[in-house]
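Pasting model.csv here (CSV, C-alpha atoms):
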chain,number,residue,atom,x,y,z
W,41,GLN,CA,91.4,29.5,146.0
W,42,LEU,CA,88.5,28.4,143.7
W,43,ARG,CA,86.2,25.8,145.2
W,44,MET,CA,85.4,23.4,142.4
W,45,LYS,CA,82.3,21.8,143.9
W,46,GLY,CA,80.7,25.1,144.8
W,47,SER,CA,81.4,26.5,141.3
W,48,VAL,CA,79.7,23.6,139.6
W,49,GLN,CA,76.7,23.9,141.8
W,50,LEU,CA,76.6,27.6,141.2
W,51,LEU,CA,76.6,27.3,137.4
W,52,ARG,CA,73.9,24.5,137.6
W,53,ARG,CA,71.7,26.9,139.5
W,54,PHE,CA,72.3,29.7,136.9
W,55,LEU,CA,71.4,27.4,134.0
W,56,ALA,CA,68.3,26.2,135.9
W,57,LYS,CA,67.2,29.8,136.4
W,58,ALA,CA,67.8,30.9,132.8
W,59,PRO,CA,65.0,31.4,130.4
W,60,SER,CA,63.6,28.0,129.1
W,61,PRO,CA,65.4,26.9,127.1
W,62,PRO,CA,68.5,29.1,127.8
W,63,LEU,CA,69.9,30.8,124.8
W,64,LEU,CA,73.2,29.0,124.5
W,65,PHE,CA,75.9,28.9,121.8
W,66,ALA,CA,78.6,26.3,121.7
W,67,ARG,CA,81.2,25.1,119.2
W,68,SER,CA,79.5,21.7,119.0
W,69,SER,CA,75.9,20.5,119.2
W,70,ARG,CA,76.1,19.5,122.9
W,71,ARG,CA,75.8,22.1,125.7
W,72,THR,CA,79.1,22.9,127.4
W,73,GLY,CA,78.1,25.8,129.7
W,74,ALA,CA,78.7,24.0,133.0
W,75,VAL,CA,82.1,24.2,134.7
W,76,SER,CA,84.1,21.1,134.3
W,77,SER,CA,87.5,22.3,135.5
W,78,MET,CA,89.0,25.6,136.6
W,79,ALA,CA,92.7,26.1,136.0
W,80,GLY,CA,94.9,28.9,137.5
W,81,ALA,CA,95.0,32.3,136.1
W,82,GLN,CA,98.1,31.4,134.0
W,83,GLY,CA,99.4,27.9,134.1
W,84,SER,CA,101.6,26.1,131.6
W,85,ASN,CA,99.6,27.1,128.5
W,86,ALA,CA,101.6,28.4,125.6
W,87,VAL,CA,101.3,32.1,124.6
W,88,GLN,CA,98.9,32.3,121.6
W,89,ASN,CA,100.4,34.2,118.6
W,90,PRO,CA,103.7,34.8,120.4
W,91,ALA,CA,105.3,36.9,117.6
W,92,GLU,CA,102.3,39.3,117.4
W,93,LEU,CA,103.3,42.9,118.0
W,94,VAL,CA,101.2,44.6,120.7
W,95,CYS,CA,100.9,48.1,122.0
W,96,VAL,CA,102.9,48.9,125.1
W,97,VAL,CA,102.0,51.9,127.3
W,98,ASP,CA,103.1,53.5,130.6
W,99,GLU,CA,101.2,54.0,133.8
W,100,HIS,CA,99.3,56.9,132.3
W,101,ASN,CA,98.3,55.0,129.2
W,102,ARG,CA,100.8,56.8,126.9
W,103,VAL,CA,102.2,54.7,124.1
W,104,THR,CA,105.9,53.9,124.7
W,105,GLY,CA,106.5,51.4,122.0
W,106,SER,CA,105.7,47.8,121.1
W,107,ALA,CA,106.7,44.3,122.1
W,108,THR,CA,105.9,40.8,121.0
W,109,ARG,CA,103.0,39.1,122.8
W,110,ALA,CA,105.5,36.6,124.2
W,111,GLU,CA,107.7,39.3,125.7
W,112,MET,CA,104.7,41.2,127.0
W,113,ARG,CA,103.5,38.1,128.9
W,114,ALA,CA,107.0,37.2,130.1
W,115,ARG,CA,107.6,40.7,131.6
W,116,ASN,CA,104.0,41.5,132.4
W,117,LEU,CA,104.4,44.8,130.4
W,118,ILE,CA,101.6,47.4,130.5
W,119,HIS,CA,99.5,46.9,127.4
W,120,ARG,CA,96.1,47.9,126.0
W,121,CYS,CA,93.0,45.7,125.8
W,122,SER,CA,89.5,46.2,124.6
W,123,TYR,CA,86.4,44.9,126.4
W,124,VAL,CA,82.9,44.7,125.0
W,125,MET,CA,79.6,44.2,126.9
W,126,ILE,CA,77.1,42.7,124.4
W,127,PHE,CA,73.5,43.1,125.5
W,128,ASN,CA,70.4,41.7,123.9
W,129,ASP,CA,67.0,43.5,123.6
W,130,GLU,CA,66.0,42.0,127.0
W,131,GLY,CA,69.0,43.6,128.7
W,132,GLN,CA,70.8,40.3,129.3
W,133,LEU,CA,74.5,40.2,128.9
W,134,PHE,CA,76.4,37.8,126.7
W,135,VAL,CA,78.9,35.7,128.7
W,136,GLN,CA,81.5,33.4,127.2
W,137,LYS,CA,83.5,30.7,128.7
W,138,ARG,CA,87.2,30.7,127.6
W,139,VAL,CA,88.8,27.6,126.2
W,140,ASP,CA,91.0,25.6,128.6
W,141,PHE,CA,94.2,26.3,126.7
W,142,LYS,CA,94.0,30.1,126.8
W,143,GLU,CA,97.3,31.7,127.9
W,144,THR,CA,95.5,33.7,130.6
W,145,TYR,CA,92.5,32.8,132.8
W,146,PRO,CA,91.8,29.5,131.0
W,147,SER,CA,88.2,28.1,131.5
W,148,PHE,CA,87.2,31.4,133.2
W,149,TYR,CA,84.0,33.2,132.3
W,150,ASP,CA,84.1,36.5,130.5
W,151,PRO,CA,81.2,39.0,130.4
W,152,ALA,CA,83.2,41.6,128.5
W,153,PRO,CA,85.2,39.8,125.8
W,154,GLY,CA,87.6,41.7,123.7
W,155,GLY,CA,91.4,41.4,123.0
W,156,VAL,CA,94.9,42.7,123.2
W,157,VAL,CA,95.4,45.9,121.2
W,158,GLY,CA,98.0,45.5,118.4
W,159,HIS,CA,100.8,47.9,117.7
W,160,GLY,CA,99.4,51.0,116.0
W,161,GLU,CA,95.8,49.8,116.4
W,162,PRO,CA,93.1,52.0,117.9
W,163,TYR,CA,90.9,50.6,120.7
W,164,GLU,CA,87.8,50.9,118.7
W,165,GLU,CA,89.2,49.0,115.7
W,166,ASN,CA,90.5,46.3,118.0
W,167,ALA,CA,87.1,45.9,119.7
W,168,ALA,CA,85.2,45.6,116.5
W,169,ARG,CA,87.8,43.1,115.1
W,170,GLU,CA,87.8,40.9,118.2
W,171,ILE,CA,84.1,40.5,118.6
W,172,GLU,CA,83.8,39.6,114.9
W,173,GLU,CA,86.6,37.1,115.1
W,174,GLU,CA,85.6,35.5,118.4
W,175,MET,CA,81.8,35.6,118.1
W,176,GLY,CA,80.8,36.6,114.6
W,177,VAL,CA,79.3,39.9,115.8
W,178,THR,CA,79.1,42.5,113.0
W,179,GLY,CA,77.2,45.6,112.1
W,180,VAL,CA,76.9,47.0,115.7
W,181,ALA,CA,77.5,50.5,117.1
W,182,LEU,CA,80.1,50.3,119.8
W,183,LYS,CA,79.5,52.8,122.6
W,184,ARG,CA,82.6,53.9,124.5
W,185,GLU,CA,82.0,53.6,128.3
W,186,PHE,CA,85.3,54.3,130.1
W,187,ASP,CA,89.0,53.5,130.4
W,188,PHE,CA,90.4,51.7,133.4
W,189,GLN,CA,93.6,50.2,134.7
W,190,PHE,CA,93.9,46.6,135.9
W,191,ARG,CA,96.9,44.7,137.3
W,192,ASP,CA,97.6,41.3,138.8
W,193,GLU,CA,100.4,38.8,138.7
W,194,THR,CA,99.3,37.7,135.2
W,195,SER,CA,98.4,40.9,133.4
W,196,HIS,CA,98.8,44.7,133.6
W,197,VAL,CA,96.3,46.4,131.3
W,198,TRP,CA,94.9,49.8,130.4
W,199,GLY,CA,91.5,48.7,129.2
W,200,ARG,CA,88.7,50.5,127.4
W,201,LEU,CA,85.1,49.2,127.9
W,202,PHE,CA,82.5,49.4,125.1
W,203,SER,CA,78.9,48.3,125.0
W,204,CYS,CA,76.6,47.3,122.2
W,205,THR,CA,73.2,45.6,121.5
W,206,TYR,CA,73.2,42.4,119.4
W,207,ASN,CA,70.7,39.5,119.5
W,208,GLY,CA,72.6,37.1,117.2
W,209,PRO,CA,73.4,35.0,115.3
W,210,PHE,CA,76.8,34.1,116.9
W,211,ARG,CA,79.7,32.1,115.5
W,212,LEU,CA,82.2,31.1,118.1
W,213,GLN,CA,85.9,30.9,117.4
W,214,GLU,CA,87.2,27.5,118.4
W,215,SER,CA,90.6,28.8,119.5
W,216,GLU,CA,89.1,31.3,121.9
W,217,VAL,CA,85.6,30.4,123.1
W,218,ALA,CA,84.3,27.1,124.5
W,219,SER,CA,80.7,28.2,124.9
W,220,ALA,CA,78.6,31.3,125.6
W,221,HIS,CA,75.1,32.4,126.5
W,222,PHE,CA,73.0,35.4,127.6
W,223,MET,CA,72.6,35.8,131.3
W,224,ASP,CA,70.5,38.0,133.5
W,225,ILE,CA,72.6,40.8,135.2
W,226,GLU,CA,72.0,39.3,138.7
W,227,GLN,CA,73.5,36.0,137.5
W,228,VAL,CA,76.5,37.8,136.1
W,229,LYS,CA,77.0,39.5,139.5
W,230,ASP,CA,76.8,36.1,141.2
W,231,LEU,CA,79.4,34.7,138.8
W,232,ILE,CA,81.8,37.6,139.5
W,233,ASP,CA,81.3,37.2,143.3
W,234,SER,CA,82.1,33.5,142.9
W,235,GLY,CA,85.6,34.3,141.6
W,236,ILE,CA,85.3,32.3,138.3
W,237,VAL,CA,85.3,35.4,136.0
W,238,CYS,CA,88.3,36.9,134.3
W,239,PRO,CA,89.3,39.5,136.9
W,240,ASP,CA,90.0,42.3,134.5
W,241,SER,CA,86.5,41.9,132.9
W,242,ALA,CA,85.0,41.5,136.4
W,243,GLN,CA,86.5,44.9,137.4
W,244,ALA,CA,85.2,46.6,134.3
W,245,VAL,CA,81.7,45.2,134.6
W,246,SER,CA,81.6,45.9,138.4
W,247,GLN,CA,82.7,49.5,137.7
W,248,TYR,CA,80.0,49.8,135.0
W,249,TYR,CA,77.3,48.8,137.4
W,250,LYS,CA,78.9,50.5,140.4
W,251,TRP,CA,78.9,47.2,142.4
Now that the file is in, can you turn its structure into structure tokens?
Amino acid sequence: QLRMKGSVQLLRRFLAKAPSPPLLFARSSRRTGAVSSMAGAQGSNAVQNPAELVCVVDEHNRVTGSATRAEMRARNLIHRCSYVMIFNDEGQLFVQKRVDFKETYPSFYDPAPGGVVGHGEPYEENAAREIEEEMGVTGVALKREFDFQFRDETSHVWGRLFSCTYNGPFRLQESEVASAHFMDIEQVKDLIDSGIVCPDSAQAVSQYYKW
């Protein structure tokens, strides 16, 4: 169970320790990086793009067909997702906070944003498309890191983690991202340990750093 008071204090300490001023990107002129509320992994939020066809795979990541996004969520079908760790030249990691109306993990933090792979779409194409749509990231070389499997009561995923270097500018998508900023790796680890990071991304980043 998430402890709201502790989470708020934790994020305040992160922002206090960040470079002065912290490199922060938000959809509006005010800073929205501090936690205001933490919802459950999947509450009553509607599925976004419910008719979208997504790639469905088996336990070994072999394509078995397709399903609508709504059906995939309702049946927790195994699907593919891309994940991208975006570093700056100082080695910090770009972390976004998801909007509070996301269908999964609303208001959680995400250090490896990406997206659900569409039917017939390669991982690499999806990763490039997602980071451009969500954050305005273009012209980067995506390095494939590894594939991994994640499962909980909300999502069952075969993910592929990528990494890239990009210093900005960023343009955040209002339907996906509430705010975002670069963080030191130790701060990212503390975020993950606190339990307020998307668990699939937390698993990928932890595996990357062998935490």
List the neighbours of segment 130-132 of chain W out to 10 Å using only C-alpha atoms; skip same-chain residues closer than 5 positions along the sequence, and give me the result as a ChimeraX atom specification. /W:125,205,207,221-228
Taking all atoms listed in the file into account, which of W:Cys121, W:Asn128, W:Ala91, W:Gly176 comes nearest Ala107 of chain W?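 Once distances to Ala107 of chain W are computed over all atoms listed in the file, the minimum belongs to W:Ala91.
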Residue with smallest distance to Leu201 of chain W - pool W:Val156, W:Leu182, W:Leu231, W:Val94, counting all atoms listed in the file: W:Leu182
Atom-to-atom span, atom CA of Thr194 of chain W and atom CA of Asn116 of chain W, Å: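 Separating atom CA of Thr194 of chain W from atom CA of Asn116 of chain W is a distance of 6.7 Å.
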Selected residue, from W:Val217, W:Ser241, W:Ser106, W:Tyr206, that lies nearest to Ile126 of chain W when counting only C-alpha atoms: W:Tyr206
Would you list the residues near (83.1, 31.4, 115.9) (no more than 10 Å away, in the coordinates of the file, using only C-alpha atoms) as a ChimeraX atom specification? /W:65-67,171-177,210-219
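Note that atom CA of Val245 of chain W and atom CA of Arg138 of chain W are 17.0 Å apart.
Our summary of the geometry notes that atom CA of Leu93 of chain W is positioned 6.1 Å from atom CA of Arg109 of chain W.
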For a quick check of understanding, using all atoms listed in the file, which of W:Ser122, W:Asn89, W:Ser147, W:Gln136 has the smallest distance to Tyr163 of chain W? W:Ser122
Using only C-alpha atoms for the distances, tell me which of W:Lys250, W:Tyr123, W:Tyr149, W:Val157 is nearest to Thr108 of chain W. W:Val157
Pick from W:Asp140, W:Asp230, W:Glu170, W:Asp98, whichever lies nearest to Pro153 of chain W using all atoms listed in the file: W:Glu170
Surrounding residues of Phe190 of chain W excluding itself and chain neighbours under 6 positions, 8 Å, all atoms listed in the file, as JSON, numbers by chain: {"W": [196, 197, 198, 199, 240, 243]}
Selection above as a file: C-alpha atoms, as a PDB file, in the coordinates of the input:
ATOM      1  CA  HIS W 196      98.800  44.700 133.600  1.00  0.00           C
ATOM      2  CA  VAL W 197      96.300  46.400 131.300  1.00  0.00           C
ATOM      3  CA  TRP W 198      94.900  49.800 130.400  1.00  0.00           C
ATOM      4  CA  GLY W 199      91.500  48.700 129.200  1.00  0.00           C
ATOM      5  CA  ASP W 240      90.000  42.300 134.500  1.00  0.00           C
ATOM      6  CA  GLN W 243      86.500  44.900 137.400  1.00  0.00           C
TER       7      GLN W 243
END
With a distance cut-off of 12 Å and all atoms listed in the file, select the neighbouring residues of His100 of chain W, excluding the residue or stretch itself and same-chain residues fewer than 2 positions from it, and output the selection as JSON, numbers by chain. {"W": [96, 97, 98, 102, 103, 104, 118, 119, 120, 187, 188, 189, 197, 198, 199]}
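Using only C-alpha atoms, every residue with an atom at most 6 Å from the point (96.0, 25.9, 126.5) is listed here: W:Asn85, W:Asp140, W:Phe141, W:Lys142.
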